[in-house]
Amino acid sequence: MESHDFCGHIQFNDRECSLMLLDQRNLPLKEEFVTCTTIEQLVLALREMVVRGAPAIGVSAAYGCCLALREAGGEDGWQETLEHLLQKLEAARPTAVNLRWAVNHMRSVRRSNGDISWEQLKELWVQTARNMHRWDVKANRAMGEHGAALLEDGDVVMTHCNAGALATGGYGTALGVIRAAVAQGKRISVIANETRPLLQGARLTAYEMVQEGIPVHLACDNASSMLMSKGLVSKVIVGADRIAANGDVANKIGTSGLAILAGHYHVPLYVAAPCTTVDTSTPTGADIPIECRDGDEILHCLGTRAAPFGVEAYNFAFDITPWELIAAIITEQGVLRPPYRQAIAGLQSARFFEGSEN
Ligand code: MRU
């Protein structure tokens, strides 16, 4: 795997049954790993954003099921303990559907193998989690190929938050499309919105683009209207945490505002996401649970208090972009155009055992 795939940021050790996660809270200043061996540790790592981004959360959760199985032990009653741990794991973050999807997929693999022993399940789940991880990178590469066709030589692409290799199993969704277009020889430059409060754009997207040698400007979240009005943005590409059956998209807070601006200035806004981010059981964006995080993240900036005491803060981590504002949804199965309901219903589910072994 090429180094820019960043596949090494999520590493599972079979022998020790441990999960090593590159600590994204400290990037770009420090490259340190956090090791998880229990569900409690992994849930904390997910909540505190050691690992974040919907597909990366899903891949980590798949490995997390192996940690849960080890923790449940092979003694009588392990099945109940395991289910209890899986429920804790899937509740770690509410919006990114990839988390619930991954845990449910592991459950269904277990069910479809009948009355399987603890040892057999351990082997099967480790293999399944690895296949899910590989599948995610392959899906991102396919998405990149489909999406790159939408980009032209000379485009300036604005993106929000981090939908790159770090947010996935590797390669990235929105940033994967940019990578693929650059690999095709197109000259693309990027505007990374800094993405308050946790600065995923400044710390992670800019870091990935610099590592890749792709020209990048950093902009405040509130500069988008100005930049678009001056004709400095050709396209916007973002990722997704959940796509409802009608094509409404939950993504990092600020995405819907960006979509409204893009509509006003006639800049196409694209969403790039794999089918594991699509949730057809959620009819519309209004039904997607939005994570509300600790207000302290807003009241502080890079660890320093930025607002007077006595102030409270709104800290919704995501918002909903109505499908009408999205010019296309780029998936590993092709580019979907609005209206999305029928095209979304026609998406195939991920098959992790087909062609994902290598
Ligand atoms: O809170 P985060 O950092 O997990 O939010 C991440 C995003 O909003 C991403 O855009 C989304 O998960 C897609 S990542 C390919």
# chains A, B, ... in the order shown; residues from 1 in each chain; ligands from 1
$ residues_near_ligand --ligand "ligand 1" --cutoff "7 Å" --atoms "only C-alpha atoms and all ligand atoms" --output "PDB file with N, CA, C and O atoms, in the first residue's frame"
ATOM      1  N   MET A  49     -12.378  11.410  20.145  1.00  0.00           N
ATOM      2  CA  MET A  49     -11.914  11.672  18.774  1.00  0.00           C
ATOM      3  C   MET A  49     -10.440  11.349  18.557  1.00  0.00           C
ATOM      4  O   MET A  49      -9.776  12.023  17.771  1.00  0.00           O
ATOM      5  N   ARG A  52     -11.669   9.398  14.310  1.00  0.00           N
ATOM      6  CA  ARG A  52     -12.945  10.030  13.973  1.00  0.00           C
ATOM      7  C   ARG A  52     -13.115   9.963  12.464  1.00  0.00           C
ATOM      8  O   ARG A  52     -12.211   9.519  11.755  1.00  0.00           O
ATOM      9  N   GLY A  53     -14.290  10.424  11.982  1.00  0.00           N
ATOM     10  CA  GLY A  53     -14.605  10.269  10.560  1.00  0.00           C
ATOM     11  C   GLY A  53     -15.409   8.970  10.428  1.00  0.00           C
ATOM     12  O   GLY A  53     -14.954   7.915  10.902  1.00  0.00           O
ATOM     13  N   ALA A  54     -16.577   9.067   9.766  1.00  0.00           N
ATOM     14  CA  ALA A  54     -17.516   7.939   9.786  1.00  0.00           C
ATOM     15  C   ALA A  54     -16.906   6.592   9.371  1.00  0.00           C
ATOM     16  O   ALA A  54     -17.020   5.605  10.107  1.00  0.00           O
ATOM     17  N   PRO A  55     -16.227   6.487   8.207  1.00  0.00           N
ATOM     18  CA  PRO A  55     -15.720   5.167   7.836  1.00  0.00           C
ATOM     19  C   PRO A  55     -14.608   4.661   8.772  1.00  0.00           C
ATOM     20  O   PRO A  55     -14.534   3.463   9.056  1.00  0.00           O
ATOM     21  N   ALA A  96     -22.698   9.077  13.042  1.00  0.00           N
ATOM     22  CA  ALA A  96     -22.041   8.290  11.990  1.00  0.00           C
ATOM     23  C   ALA A  96     -22.621   6.875  11.971  1.00  0.00           C
ATOM     24  O   ALA A  96     -22.350   6.068  12.860  1.00  0.00           O
ATOM     25  N   HIS A 160     -14.627  20.684   3.745  1.00  0.00           N
ATOM     26  CA  HIS A 160     -14.942  21.042   5.129  1.00  0.00           C
ATOM     27  C   HIS A 160     -14.623  19.845   6.010  1.00  0.00           C
ATOM     28  O   HIS A 160     -14.869  18.712   5.623  1.00  0.00           O
ATOM     29  N   CYS A 161     -14.102  20.090   7.179  1.00  0.00           N
ATOM     30  CA  CYS A 161     -13.723  19.021   8.112  1.00  0.00           C
ATOM     31  C   CYS A 161     -12.611  18.174   7.485  1.00  0.00           C
ATOM     32  O   CYS A 161     -11.833  18.681   6.672  1.00  0.00           O
ATOM     33  N   ASN A 162     -12.542  16.909   7.823  1.00  0.00           N
ATOM     34  CA  ASN A 162     -11.555  16.022   7.199  1.00  0.00           C
ATOM     35  C   ASN A 162     -12.261  14.766   6.733  1.00  0.00           C
ATOM     36  O   ASN A 162     -12.774  13.994   7.552  1.00  0.00           O
ATOM     37  N   ALA A 163     -12.313  14.592   5.421  1.00  0.00           N
ATOM     38  CA  ALA A 163     -12.864  13.371   4.825  1.00  0.00           C
ATOM     39  C   ALA A 163     -11.745  12.732   4.009  1.00  0.00           C
ATOM     40  O   ALA A 163     -11.888  12.429   2.832  1.00  0.00           O
ATOM     41  N   GLY A 164     -10.611  12.563   4.666  1.00  0.00           N
ATOM     42  CA  GLY A 164      -9.427  12.028   4.010  1.00  0.00           C
ATOM     43  C   GLY A 164      -9.086  10.634   4.489  1.00  0.00           C
ATOM     44  O   GLY A 164      -9.923   9.924   5.065  1.00  0.00           O
ATOM     45  N   ALA A 167      -9.853   9.798   8.023  1.00  0.00           N
ATOM     46  CA  ALA A 167     -11.268   9.662   8.387  1.00  0.00           C
ATOM     47  C   ALA A 167     -11.862   8.353   7.879  1.00  0.00           C
ATOM     48  O   ALA A 167     -13.051   8.098   8.056  1.00  0.00           O
ATOM     49  N   THR A 168     -11.025   7.544   7.253  1.00  0.00           N
ATOM     50  CA  THR A 168     -11.503   6.307   6.608  1.00  0.00           C
ATOM     51  C   THR A 168     -10.499   5.180   6.918  1.00  0.00           C
ATOM     52  O   THR A 168      -9.551   5.380   7.673  1.00  0.00           O
ATOM     53  N   GLY A 172      -9.377   8.015   1.646  1.00  0.00           N
ATOM     54  CA  GLY A 172     -10.324   9.113   1.849  1.00  0.00           C
ATOM     55  C   GLY A 172     -11.463   9.124   0.859  1.00  0.00           C
ATOM     56  O   GLY A 172     -11.394   8.544  -0.220  1.00  0.00           O
ATOM     57  N   THR A 173     -12.536   9.836   1.263  1.00  0.00           N
ATOM     58  CA  THR A 173     -13.713   9.974   0.407  1.00  0.00           C
ATOM     59  C   THR A 173     -13.590  11.285  -0.387  1.00  0.00           C
ATOM     60  O   THR A 173     -13.174  11.269  -1.538  1.00  0.00           O
ATOM     61  N   ALA A 174     -13.899  12.420   0.236  1.00  0.00           N
ATOM     62  CA  ALA A 174     -13.772  13.712  -0.476  1.00  0.00           C
ATOM     63  C   ALA A 174     -12.319  13.942  -0.902  1.00  0.00           C
ATOM     64  O   ALA A 174     -12.048  14.316  -2.051  1.00  0.00           O
ATOM     65  N   GLN A 200     -10.535  20.075  12.470  1.00  0.00           N
ATOM     66  CA  GLN A 200     -10.150  18.925  11.641  1.00  0.00           C
ATOM     67  C   GLN A 200      -9.600  19.380  10.282  1.00  0.00           C
ATOM     68  O   GLN A 200      -8.764  18.708   9.691  1.00  0.00           O
ATOM     69  N   VAL A 238     -17.478  17.379   0.071  1.00  0.00           N
ATOM     70  CA  VAL A 238     -17.451  17.020   1.492  1.00  0.00           C
ATOM     71  C   VAL A 238     -17.754  15.538   1.640  1.00  0.00           C
ATOM     72  O   VAL A 238     -18.210  14.881   0.698  1.00  0.00           O
ATOM     73  N   GLY A 239     -17.518  15.024   2.845  1.00  0.00           N
ATOM     74  CA  GLY A 239     -17.877  13.643   3.159  1.00  0.00           C
ATOM     75  C   GLY A 239     -19.264  13.602   3.784  1.00  0.00           C
ATOM     76  O   GLY A 239     -20.019  14.582   3.722  1.00  0.00           O
ATOM     77  N   ALA A 240     -19.603  12.474   4.409  1.00  0.00           N
ATOM     78  CA  ALA A 240     -20.906  12.343   5.070  1.00  0.00           C
ATOM     79  C   ALA A 240     -20.788  11.410   6.259  1.00  0.00           C
ATOM     80  O   ALA A 240     -19.978  10.480   6.255  1.00  0.00           O
ATOM     81  N   ASP A 241     -21.603  11.671   7.261  1.00  0.00           N
ATOM     82  CA  ASP A 241     -21.689  10.768   8.416  1.00  0.00           C
ATOM     83  C   ASP A 241     -22.889   9.846   8.305  1.00  0.00           C
ATOM     84  O   ASP A 241     -22.917   8.773   8.898  1.00  0.00           O
ATOM     85  N   ASN A 251     -23.469  15.823   7.956  1.00  0.00           N
ATOM     86  CA  ASN A 251     -22.004  15.953   7.930  1.00  0.00           C
ATOM     87  C   ASN A 251     -21.612  17.037   8.934  1.00  0.00           C
ATOM     88  O   ASN A 251     -22.468  17.657   9.568  1.00  0.00           O
ATOM     89  N   LYS A 252     -20.331  17.258   9.071  1.00  0.00           N
ATOM     90  CA  LYS A 252     -19.796  18.187  10.071  1.00  0.00           C
ATOM     91  C   LYS A 252     -20.543  19.511  10.078  1.00  0.00           C
ATOM     92  O   LYS A 252     -20.864  20.042   9.011  1.00  0.00           O
ATOM     93  N   ALA A 273     -19.224   9.495  -0.406  1.00  0.00           N
ATOM     94  CA  ALA A 273     -19.406   8.558   0.713  1.00  0.00           C
ATOM     95  C   ALA A 273     -19.652   7.144   0.197  1.00  0.00           C
ATOM     96  O   ALA A 273     -20.280   6.969  -0.854  1.00  0.00           O
ATOM     97  N   ALA A 317     -22.480  18.775  16.699  1.00  0.00           N
ATOM     98  CA  ALA A 317     -21.295  18.379  15.922  1.00  0.00           C
ATOM     99  C   ALA A 317     -21.595  18.237  14.429  1.00  0.00           C
ATOM    100  O   ALA A 317     -20.664  18.235  13.618  1.00  0.00           O
ATOM    101  N   PHE A 318     -22.874  18.105  14.074  1.00  0.00           N
ATOM    102  CA  PHE A 318     -23.233  17.873  12.670  1.00  0.00           C
ATOM    103  C   PHE A 318     -24.457  18.696  12.301  1.00  0.00           C
ATOM    104  O   PHE A 318     -25.172  19.183  13.180  1.00  0.00           O
TER     105      PHE A 318
END
$ residues_around --residues "region 135-137 of chain A" --least-positions-apart "4" --cutoff "7 Å" --atoms "only C-alpha atoms" --output "list of chain:residue names"
A:Asn131, A:Arg141, A:Gly169, A:Gly170, A:Tyr171, A:Phe352, A:Ser356
$ closest_residue --among "A:Ala307, A:Val103, A:Ile320, A:Met132" --to "Glu291 (chain A)" --atoms "only C-alpha atoms"
A:Ile320
$ residues_around --residues "Ser117 (chain A)" --least-positions-apart "3" --cutoff "12 Å" --atoms "only C-alpha atoms" --output "VMD selection string"
chain A and resid 69 73 to 76 78 to 79 110 to 111 113 to 114 120 to 125
$ write_last_selection --atoms "N, CA and C atoms" --output "compact mmCIF listing (two decimals), in the first residue's frame"
# COMPACT_ATOMS: atom_id res chain seq x y z
N LEU A 69 -15.16 -9.51 22.01
CA LEU A 69 -15.22 -10.97 22.11
C LEU A 69 -14.15 -11.47 23.08
N GLY A 73 -14.63 -13.30 27.02
CA GLY A 73 -14.04 -14.57 27.44
C GLY A 73 -14.77 -15.75 26.83
N GLY A 74 -14.24 -16.95 27.01
CA GLY A 74 -14.87 -18.12 26.39
C GLY A 74 -15.70 -18.93 27.37
N GLU A 75 -15.92 -18.39 28.58
CA GLU A 75 -16.65 -19.16 29.61
C GLU A 75 -18.16 -19.09 29.38
N ASP A 76 -18.91 -19.90 30.16
CA ASP A 76 -20.38 -19.90 30.05
C ASP A 76 -20.93 -18.48 30.12
N TRP A 78 -20.78 -16.19 27.79
CA TRP A 78 -20.02 -15.17 27.05
C TRP A 78 -20.87 -14.44 26.03
N GLN A 79 -21.91 -15.13 25.52
CA GLN A 79 -22.75 -14.51 24.48
C GLN A 79 -23.47 -13.27 25.02
N ARG A 110 -21.92 -13.52 12.53
CA ARG A 110 -22.01 -14.54 13.58
C ARG A 110 -23.29 -15.37 13.41
N ARG A 111 -24.40 -14.68 13.21
CA ARG A 111 -25.70 -15.40 13.05
C ARG A 111 -25.66 -16.35 11.87
N ASN A 113 -23.38 -17.99 10.75
CA ASN A 113 -22.51 -19.15 10.94
C ASN A 113 -23.04 -20.09 12.02
N GLY A 114 -24.31 -19.91 12.40
CA GLY A 114 -24.99 -20.84 13.31
C GLY A 114 -24.36 -20.90 14.68
N GLN A 120 -13.86 -20.21 17.20
CA GLN A 120 -14.15 -20.07 15.75
C GLN A 120 -14.60 -18.65 15.42
N LEU A 121 -15.41 -18.09 16.32
CA LEU A 121 -15.91 -16.74 16.08
C LEU A 121 -14.76 -15.73 16.10
N LYS A 122 -13.82 -15.98 16.98
CA LYS A 122 -12.68 -15.05 17.08
C LYS A 122 -11.94 -14.99 15.73
N GLU A 123 -11.67 -16.15 15.19
CA GLU A 123 -10.96 -16.22 13.90
C GLU A 123 -11.79 -15.55 12.78
N LEU A 124 -13.07 -15.88 12.78
CA LEU A 124 -13.97 -15.36 11.74
C LEU A 124 -14.08 -13.83 11.83
N TRP A 125 -14.21 -13.31 13.02
CA TRP A 125 -14.40 -11.87 13.18
C TRP A 125 -13.13 -11.08 12.85
$ select_by_dssp --residues "region 135-210 of chain A" --states "alpha helix (DSSP H)" --output "MDAnalysis selection string"
chainID A and resid 135:148 174:183 200 206:210
$ residues_around --residues "Leu198 (chain A)" --least-positions-apart "5" --cutoff "9 Å" --atoms "only C-alpha atoms" --output "list of chain:residue names"
A:Arg25, A:Arg203, A:Glu297, A:Ile298, A:Cys301, A:Leu302
$ write_last_selection --atoms "C-alpha atoms" --output "CSV table (one decimal), in the first residue's frame"
chain,number,residue,atom,x,y,z
A,25,ARG,CA,-6.2,14.8,18.7
A,203,ARG,CA,-5.0,20.0,11.6
A,297,GLU,CA,-15.0,22.5,23.0
A,298,ILE,CA,-16.5,25.8,21.8
A,301,CYS,CA,-9.5,27.1,21.5
A,302,LEU,CA,-6.5,24.8,21.3
$ atom_distance --atom1 "CA of Tyr207 (chain A)" --atom2 "CA of Ala56 (chain A)"
17.1 Å
